[in-house]
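Structure record follows, encoded as structure tokens.
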Amino acid sequence: MKIDPWSSTTYQDYTRLRDEFGIQEFSENLWKDLPHPHRFLRRGIIFGHRGFDLIREAVIKKKPWAILTGLMPSGKMHLGHKMVIDEVIYYQSIGADIFIAVADIEAFATRGHTIEETKDMALNDYIPNYIALGLKPENCRIYFQSKNQDVKDMGYILGKKVNWSQMVATYGFGGSANMAHVFSPLIQTGDILHVQIEKYGGIRPTLVPVGVDQDPHIRLSRDIAQAHRLYNITLTKDNKIGVFVKTDTNVKKLLDNAEEILVQLNFSQLKRITDYKAIYINDAREGDIPKIDEPLARSEVKLGGYGFIQPSSTYHRFITGLTGEKMSSSKPETAIFLTDSPKETRKKIMNAKTGGAVTLKDQKKSGGKPDECVIYELFLYHLIEDDRELGNIYNSCMGGEQMCGDCKKHAAELMEQLLIALKEKRKKAHEKIEDYLS
Ligand code: TRP
Ligand code: SF4
């Protein structure tokens, strides 16, 4: 199996995906003591992660951390896109520095839009919606890939440590792939890692909240981050923690520096073997690795390295399209766009695929299937904040007390309210855009 970020595949079996690609389960202990956990966290909609422990630690200890994500303007913004922004807004409320890329280079390279078209879509639809949804300008920066020289430079420079075989293995590029497309994952790596250079806040844990189709880019960025480190901190075969210098220059200086930092961290049983370019820490355990890694990463910057901390990621399930296939901008009947009128919305919802039984009689007798119902998904993902209220809908559907017609009307009503409120807020959003772009 391969994950293709540019295909229109829908993913069903998230557990299998997780296992096959080494994504970690997003278990309750990762989020339950975060402040007011978002419904996507509480409801298992975010099902997997890489390295979220670092983020949890930063939130709880109130240390700096950043969010970087991106959207490719291609068509109008719909409920699927809203998910990422909802996540970003939640993380902003618990202290993250926010960076959002407008992936105009990627849209140009992979979707056939001109840079000018993507700019229009971003300024007239996507960004006003981010603001209307509640994104605040403080500690928040929205930028266009094509206008950010640092991001483009990073993509190019960091590409030195990836080879063609790796790109083919990750993305399946063949002989006819255009080079702008081939280069776009490196631009995305530039997006993800640039927030850790000094000018953008320096070395710190970074979370990239995305749909699982983006995992190849995450793996690439994590590999590239690691490849640029001067130190490698790992568990050795005999269960010790070793700090290894990866370069052949400045070895002594790097070992001296590491030793000094380890002493400051109160480790005392250090064994330095210069020939192995290594320091073994006999009084450290596996759980200490992040706490050793961070200060060493920071110190690398002074010694001519980048010191990237590997970016963390979370993966959300995709919302199903109204017809049961993927929600997609290119098929308007599958999607609810944030700019849809109440009338359009109602019509789409009334035509949506439900988990109801074939006849009313059957449904009263054996109930509906909320887990296979697009309407229930609308409640779950977007329309109902209160878990108890959601639980009631679930139960009365299962119990055959609730019929799909009424349920759809309820969903349509809530969706209309949401869209009307957004429309109101969008009016004022246009004049605020500048506050986010500097
Ligand atoms: N590739 C993403 C998409 O298809 C957009 C994107 C660009 C992105 N840069 C990013 C996502 C950085 C996460 C992080 O929509
Ligand atoms: Fe879906 Fe509601 Fe019908 Fe249940 S009653 S299947 S939740 S539309």
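We name chains A, B, ... following the order of the structure tokens; residues begin at 1 in each chain, and ligands are numbered from 1 as shown.
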(request) Find the residues around Phe40 (chain A) up to 8 Å (only C-alpha atoms counted), leave out those fewer than 5 positions away in its own chain, and share them as an MDAnalysis selection string. (result) chainID A and resid 45:46 87 316 381
(message) How would you report the residues lying within 7 Å of ligand 1, as a ChimeraX atom specification, if you count only C-alpha atoms and all ligand atoms?
(response) /A:5-6,68-72,101-103,106,188,191-192,208-210,214
Would you mind exporting N, CA and C atoms of the selected residues as a PDB file, in the first residue's frame?
ATOM      1  N   PRO A   5      -0.464  11.574  -1.708  1.00  0.00           N
ATOM      2  CA  PRO A   5      -1.097  12.820  -1.264  1.00  0.00           C
ATOM      3  C   PRO A   5      -1.885  13.529  -2.360  1.00  0.00           C
ATOM      4  N   TRP A   6      -1.672  13.177  -3.602  1.00  0.00           N
ATOM      5  CA  TRP A   6      -2.356  13.916  -4.670  1.00  0.00           C
ATOM      6  C   TRP A   6      -3.473  13.122  -5.325  1.00  0.00           C
ATOM      7  N   LEU A  68       2.415  24.407  12.388  1.00  0.00           N
ATOM      8  CA  LEU A  68       2.567  24.784  10.985  1.00  0.00           C
ATOM      9  C   LEU A  68       1.669  23.867  10.194  1.00  0.00           C
ATOM     10  N   THR A  69       0.765  24.436   9.433  1.00  0.00           N
ATOM     11  CA  THR A  69       0.041  23.596   8.503  1.00  0.00           C
ATOM     12  C   THR A  69      -0.203  24.373   7.226  1.00  0.00           C
ATOM     13  N   GLY A  70      -0.780  23.740   6.256  1.00  0.00           N
ATOM     14  CA  GLY A  70      -0.974  24.433   4.994  1.00  0.00           C
ATOM     15  C   GLY A  70      -2.196  23.923   4.277  1.00  0.00           C
ATOM     16  N   LEU A  71      -2.748  24.774   3.440  1.00  0.00           N
ATOM     17  CA  LEU A  71      -3.855  24.347   2.594  1.00  0.00           C
ATOM     18  C   LEU A  71      -3.558  24.790   1.173  1.00  0.00           C
ATOM     19  N   MET A  72      -3.964  23.927   0.269  1.00  0.00           N
ATOM     20  CA  MET A  72      -3.755  24.224  -1.142  1.00  0.00           C
ATOM     21  C   MET A  72      -5.069  24.790  -1.668  1.00  0.00           C
ATOM     22  N   ALA A 101       0.528  27.962   5.776  1.00  0.00           N
ATOM     23  CA  ALA A 101       1.017  28.160   4.410  1.00  0.00           C
ATOM     24  C   ALA A 101      -0.147  28.145   3.432  1.00  0.00           C
ATOM     25  N   VAL A 102      -0.147  29.091   2.522  1.00  0.00           N
ATOM     26  CA  VAL A 102      -1.016  28.995   1.352  1.00  0.00           C
ATOM     27  C   VAL A 102      -0.179  28.274   0.301  1.00  0.00           C
ATOM     28  N   ALA A 103      -0.561  27.046   0.008  1.00  0.00           N
ATOM     29  CA  ALA A 103       0.299  26.208  -0.837  1.00  0.00           C
ATOM     30  C   ALA A 103       0.077  26.511  -2.313  1.00  0.00           C
ATOM     31  N   GLU A 106       2.403  24.465  -4.675  1.00  0.00           N
ATOM     32  CA  GLU A 106       1.917  23.092  -4.838  1.00  0.00           C
ATOM     33  C   GLU A 106       0.683  23.054  -5.747  1.00  0.00           C
ATOM     34  N   GLN A 188       7.228  21.838   0.826  1.00  0.00           N
ATOM     35  CA  GLN A 188       6.454  21.546   2.043  1.00  0.00           C
ATOM     36  C   GLN A 188       7.381  21.286   3.234  1.00  0.00           C
ATOM     37  N   ASP A 191       8.269  24.559   4.387  1.00  0.00           N
ATOM     38  CA  ASP A 191       7.189  25.083   5.235  1.00  0.00           C
ATOM     39  C   ASP A 191       7.359  24.567   6.671  1.00  0.00           C
ATOM     40  N   ILE A 192       7.480  23.265   6.767  1.00  0.00           N
ATOM     41  CA  ILE A 192       7.424  22.622   8.082  1.00  0.00           C
ATOM     42  C   ILE A 192       8.632  22.981   8.945  1.00  0.00           C
ATOM     43  N   VAL A 208       2.300  19.480  13.154  1.00  0.00           N
ATOM     44  CA  VAL A 208       1.690  19.620  11.841  1.00  0.00           C
ATOM     45  C   VAL A 208       0.389  18.816  11.827  1.00  0.00           C
ATOM     46  N   PRO A 209      -0.752  19.479  12.047  1.00  0.00           N
ATOM     47  CA  PRO A 209      -2.016  18.740  12.032  1.00  0.00           C
ATOM     48  C   PRO A 209      -2.504  18.586  10.598  1.00  0.00           C
ATOM     49  N   VAL A 210      -2.736  17.365  10.171  1.00  0.00           N
ATOM     50  CA  VAL A 210      -3.108  17.104   8.767  1.00  0.00           C
ATOM     51  C   VAL A 210      -4.015  15.888   8.646  1.00  0.00           C
ATOM     52  N   GLN A 214      -1.356  13.208   3.993  1.00  0.00           N
ATOM     53  CA  GLN A 214      -0.128  14.017   4.031  1.00  0.00           C
ATOM     54  C   GLN A 214       1.038  13.297   4.712  1.00  0.00           C
TER      55      GLN A 214
END
Taking only C-alpha atoms and all ligand atoms and a cut-off of 7 Å, can you tell me which residues surround ligand 2, written as a compact mmCIF listing (two decimals) with N, CA and C atoms, in the first residue's frame?
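Contents of pocket11.txt, as written:
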# COMPACT_ATOMS: atom_id res chain seq x y z
N THR A 354 -27.76 8.30 4.23
CA THR A 354 -27.86 8.07 5.68
C THR A 354 -27.59 6.60 6.01
N GLY A 355 -27.63 6.31 7.28
CA GLY A 355 -27.52 4.92 7.71
C GLY A 355 -28.88 4.36 8.09
N GLY A 356 -29.91 4.94 7.52
CA GLY A 356 -31.28 4.52 7.84
C GLY A 356 -31.65 3.21 7.16
N GLY A 368 -31.37 2.66 13.18
CA GLY A 368 -30.50 3.05 12.08
C GLY A 368 -29.05 2.75 12.43
N LYS A 369 -28.18 3.08 11.50
CA LYS A 369 -26.74 2.84 11.72
C LYS A 369 -25.99 4.17 11.71
N PRO A 370 -25.91 4.84 12.86
CA PRO A 370 -25.25 6.15 12.88
C PRO A 370 -23.78 6.08 12.43
N CYS A 373 -23.49 6.74 8.79
CA CYS A 373 -24.40 7.80 8.35
C CYS A 373 -23.68 9.14 8.21
N VAL A 374 -23.83 9.72 7.04
CA VAL A 374 -23.19 11.00 6.75
C VAL A 374 -23.77 12.13 7.61
N ILE A 375 -25.07 12.02 7.88
CA ILE A 375 -25.72 13.05 8.71
C ILE A 375 -25.15 13.00 10.13
N TYR A 376 -25.02 11.79 10.64
CA TYR A 376 -24.45 11.67 11.99
C TYR A 376 -23.03 12.25 12.00
N ILE A 393 -28.40 11.57 20.33
CA ILE A 393 -28.77 11.34 18.94
C ILE A 393 -28.36 9.93 18.52
N TYR A 394 -27.16 9.57 18.92
CA TYR A 394 -26.64 8.24 18.58
C TYR A 394 -27.60 7.16 19.10
N CYS A 397 -31.05 7.04 17.48
CA CYS A 397 -30.96 6.45 16.14
C CYS A 397 -30.88 4.93 16.25
N MET A 398 -29.96 4.47 17.06
CA MET A 398 -29.78 3.03 17.26
C MET A 398 -31.08 2.37 17.74
N GLN A 402 -35.58 7.64 16.30
CA GLN A 402 -35.39 8.83 15.48
C GLN A 402 -35.38 8.45 14.01
N MET A 403 -36.14 9.18 13.22
CA MET A 403 -36.22 8.86 11.80
C MET A 403 -35.35 9.83 11.00
N CYS A 404 -34.87 9.35 9.86
CA CYS A 404 -33.89 10.13 9.10
C CYS A 404 -34.41 11.48 8.62
N GLY A 405 -35.68 11.53 8.25
CA GLY A 405 -36.23 12.79 7.75
C GLY A 405 -36.07 13.91 8.78
N CYS A 407 -34.16 13.92 11.37
CA CYS A 407 -32.75 14.06 11.70
C CYS A 407 -32.05 14.97 10.68
N LYS A 408 -32.38 14.77 9.42
CA LYS A 408 -31.81 15.61 8.36
C LYS A 408 -32.23 17.06 8.54
(request) Between A:Ser330, A:Ser268, A:Asn129, A:Asn395, single out the one closest to Lys82 (chain A), counting only C-alpha atoms. (result)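 The shortest atom-to-atom distance to Lys82 (chain A) comes from A:Asn129.
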(message) I need the residues in region 147-391 of chain A that are strand (DSSP E or B) according to DSSP; give them as a PyMOL selection string.
(response) chain A and resi 206-211+231-235+241-245+270-273+278-281+312-316+320+326+337
Same residues, N, CA, C and O atoms, saved as a tab-separated table (two decimals), in the first residue's frame:
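Full text of part34.tsv as output:
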chain	number	residue	atom	x	y	z
A	206	THR	N	7.25	21.37	17.02
A	206	THR	CA	6.33	21.87	16.00
A	206	THR	C	5.32	20.79	15.67
A	206	THR	O	5.71	19.65	15.41
A	207	LEU	N	4.06	21.16	15.68
A	207	LEU	CA	3.03	20.19	15.33
A	207	LEU	C	2.44	20.51	13.96
A	207	LEU	O	2.13	21.66	13.67
A	208	VAL	N	2.30	19.48	13.15
A	208	VAL	CA	1.69	19.62	11.84
A	208	VAL	C	0.39	18.82	11.83
A	208	VAL	O	0.42	17.60	11.67
A	209	PRO	N	-0.75	19.48	12.05
A	209	PRO	CA	-2.02	18.74	12.03
A	209	PRO	C	-2.50	18.59	10.60
A	209	PRO	O	-2.68	19.58	9.90
A	210	VAL	N	-2.74	17.36	10.17
A	210	VAL	CA	-3.11	17.10	8.77
A	210	VAL	C	-4.02	15.89	8.65
A	210	VAL	O	-4.21	15.13	9.60
A	211	GLY	N	-4.53	15.69	7.45
A	211	GLY	CA	-5.18	14.43	7.10
A	211	GLY	C	-4.11	13.41	6.78
A	211	GLY	O	-2.98	13.76	6.43
A	231	TYR	N	24.03	15.88	16.18
A	231	TYR	CA	24.05	14.80	17.18
A	231	TYR	C	22.94	13.81	16.89
A	231	TYR	O	21.87	14.18	16.42
A	232	ASN	N	23.22	12.57	17.26
A	232	ASN	CA	22.18	11.56	17.25
A	232	ASN	C	22.08	11.02	18.67
A	232	ASN	O	23.09	10.59	19.23
A	233	ILE	N	20.91	11.08	19.25
A	233	ILE	CA	20.75	10.63	20.63
A	233	ILE	C	19.89	9.38	20.59
A	233	ILE	O	18.72	9.43	20.20
A	234	THR	N	20.46	8.23	20.96
A	234	THR	CA	19.68	6.99	20.84
A	234	THR	C	19.94	6.03	21.99
A	234	THR	O	20.89	6.16	22.76
A	235	LEU	N	19.05	5.05	22.00
A	235	LEU	CA	19.19	3.93	22.92
A	235	LEU	C	20.16	2.95	22.27
A	235	LEU	O	19.98	2.56	21.12
A	241	ILE	N	21.85	5.18	27.02
A	241	ILE	CA	21.62	6.29	26.10
A	241	ILE	C	22.98	6.77	25.61
A	241	ILE	O	23.89	7.03	26.40
A	242	GLY	N	23.10	6.87	24.31
A	242	GLY	CA	24.34	7.36	23.74
A	242	GLY	C	24.10	8.65	22.97
A	242	GLY	O	23.09	8.81	22.31
A	243	VAL	N	25.04	9.59	23.10
A	243	VAL	CA	25.02	10.79	22.27
A	243	VAL	C	26.16	10.64	21.27
A	243	VAL	O	27.32	10.50	21.66
A	244	PHE	N	25.83	10.61	19.99
A	244	PHE	CA	26.84	10.41	18.95
A	244	PHE	C	26.99	11.66	18.09
A	244	PHE	O	25.99	12.27	17.72
A	245	VAL	N	28.21	12.00	17.79
A	245	VAL	CA	28.45	13.11	16.86
A	245	VAL	C	28.40	12.54	15.45
A	245	VAL	O	29.04	11.54	15.14
A	270	LEU	N	28.98	9.78	32.97
A	270	LEU	CA	29.23	9.93	31.54
A	270	LEU	C	30.51	9.21	31.15
A	270	LEU	O	31.52	9.31	31.84
A	271	LYS	N	30.42	8.48	30.05
A	271	LYS	CA	31.62	7.84	29.56
A	271	LYS	C	31.87	8.31	28.12
A	271	LYS	O	31.08	8.03	27.23
A	272	ARG	N	32.96	9.05	27.97
A	272	ARG	CA	33.23	9.61	26.65
A	272	ARG	C	34.24	8.75	25.92
A	272	ARG	O	35.31	8.44	26.47
A	273	ILE	N	33.92	8.35	24.71
A	273	ILE	CA	34.89	7.61	23.90
A	273	ILE	C	35.08	8.37	22.59
A	273	ILE	O	34.27	8.28	21.67
A	278	ALA	N	31.49	9.44	20.69
A	278	ALA	CA	30.31	9.14	21.50
A	278	ALA	C	30.48	9.50	22.97
A	278	ALA	O	31.59	9.51	23.50
A	279	ILE	N	29.35	9.82	23.60
A	279	ILE	CA	29.29	9.88	25.06
A	279	ILE	C	28.16	8.96	25.49
A	279	ILE	O	27.03	9.10	25.01
A	280	TYR	N	28.47	8.02	26.37
A	280	TYR	CA	27.42	7.15	26.90
A	280	TYR	C	26.99	7.70	28.25
A	280	TYR	O	27.82	8.11	29.06
A	281	ILE	N	25.67	7.73	28.46
A	281	ILE	CA	25.16	8.27	29.72
A	281	ILE	C	24.61	7.11	30.53
A	281	ILE	O	23.53	6.59	30.24
A	312	SER	N	6.37	17.04	14.85
A	312	SER	CA	5.33	16.09	15.24
A	312	SER	C	4.13	16.25	14.31
A	312	SER	O	4.00	17.28	13.65
A	313	SER	N	3.28	15.24	14.30
A	313	SER	CA	2.10	15.35	13.44
A	313	SER	C	0.91	14.68	14.10
A	313	SER	O	1.08	13.82	14.96
A	314	THR	N	-0.29	15.12	13.70
A	314	THR	CA	-1.50	14.35	14.03
A	314	THR	C	-2.25	14.12	12.73
A	314	THR	O	-2.12	14.89	11.78
A	315	TYR	N	-3.05	13.06	12.73
A	315	TYR	CA	-3.82	12.70	11.55
A	315	TYR	C	-5.28	12.60	11.90
A	315	TYR	O	-5.65	11.91	12.85
A	316	HIS	N	-6.11	13.31	11.15
A	316	HIS	CA	-7.55	13.17	11.36
A	316	HIS	C	-8.17	12.29	10.29
A	316	HIS	O	-7.64	12.16	9.19
A	320	THR	N	-16.71	12.13	5.43
A	320	THR	CA	-17.26	11.52	4.23
A	320	THR	C	-18.05	12.56	3.44
A	320	THR	O	-18.70	13.42	4.03
A	326	LYS	N	-15.74	10.55	-1.46
A	326	LYS	CA	-14.89	11.55	-0.83
A	326	LYS	C	-15.48	12.95	-0.97
A	326	LYS	O	-16.07	13.28	-2.00
A	337	PHE	N	-19.81	23.69	1.03
A	337	PHE	CA	-18.84	24.76	1.00
A	337	PHE	C	-19.22	25.80	2.04
A	337	PHE	O	-20.41	26.01	2.30
(request) Excluding Phe267 (chain A) and residues on its chain fewer than 4 positions from it, collect all residues at most 7 Å away from it, counting only C-alpha atoms, and give them as a PyMOL selection string. (result) chain A and resi 262-263+283
Expected file: the selected residues, all heavy atoms, as an mmCIF file, in the first residue's frame:
data_model
loop_
_atom_site.group_PDB
_atom_site.id
_atom_site.type_symbol
_atom_site.label_atom_id
_atom_site.label_comp_id
_atom_site.auth_asym_id
_atom_site.auth_seq_id
_atom_site.Cartn_x
_atom_site.Cartn_y
_atom_site.Cartn_z
ATOM 1 N N LEU A 262 25.223 17.897 29.217
ATOM 2 C CA LEU A 262 24.769 16.738 29.998
ATOM 3 C C LEU A 262 25.036 16.945 31.496
ATOM 4 O O LEU A 262 24.219 16.572 32.339
ATOM 5 C CB LEU A 262 25.457 15.459 29.493
ATOM 6 C CG LEU A 262 25.000 15.041 28.089
ATOM 7 C CD1 LEU A 262 25.896 13.930 27.526
ATOM 8 C CD2 LEU A 262 23.540 14.591 28.095
ATOM 9 N N VAL A 263 26.157 17.574 31.792
ATOM 10 C CA VAL A 263 26.458 17.858 33.202
ATOM 11 C C VAL A 263 25.431 18.851 33.767
ATOM 12 O O VAL A 263 24.894 18.661 34.849
ATOM 13 C CB VAL A 263 27.899 18.393 33.363
ATOM 14 C CG1 VAL A 263 28.132 18.951 34.758
ATOM 15 C CG2 VAL A 263 28.908 17.282 33.058
ATOM 16 N N ASP A 283 23.577 6.984 33.580
ATOM 17 C CA ASP A 283 22.441 7.215 34.479
ATOM 18 C C ASP A 283 21.242 7.857 33.772
ATOM 19 O O ASP A 283 20.451 8.553 34.392
ATOM 20 C CB ASP A 283 22.861 8.021 35.724
ATOM 21 C CG ASP A 283 23.645 9.294 35.385
ATOM 22 O OD1 ASP A 283 24.032 9.463 34.201
ATOM 23 O OD2 ASP A 283 23.851 10.102 36.298
#
(request) For CA of Ser221 (chain A) and CA of Gly80 (chain A), determine how far apart the two atoms are, in Å to one decimal place. (result)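 Taking CA of Ser221 (chain A) and CA of Gly80 (chain A), their separation equals 23.6 Å.
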(request) Tell me which of A:Met1, A:Leu265, A:Ile85, A:Ala352 sits closest to Leu296 (chain A), counting only C-alpha atoms. (result)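 Under the stated criterion, the closest residue is A:Leu265.
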(request) Please identify all polymer residues within 12 Å of Arg43 (chain A), counting only C-alpha atoms, omitting same-chain residues fewer than 5 positions from it, and present them as number ranges by chain. (result) A: 26-28, 31-32, 37-38, 316-317, 377, 379-382, 384-388, 390-391
(request) Have a look at A:Arg42, A:Arg204, A:His78, A:Lys2 and name the one nearest to Lys63 (chain A); count only C-alpha atoms. (result) A:Arg204
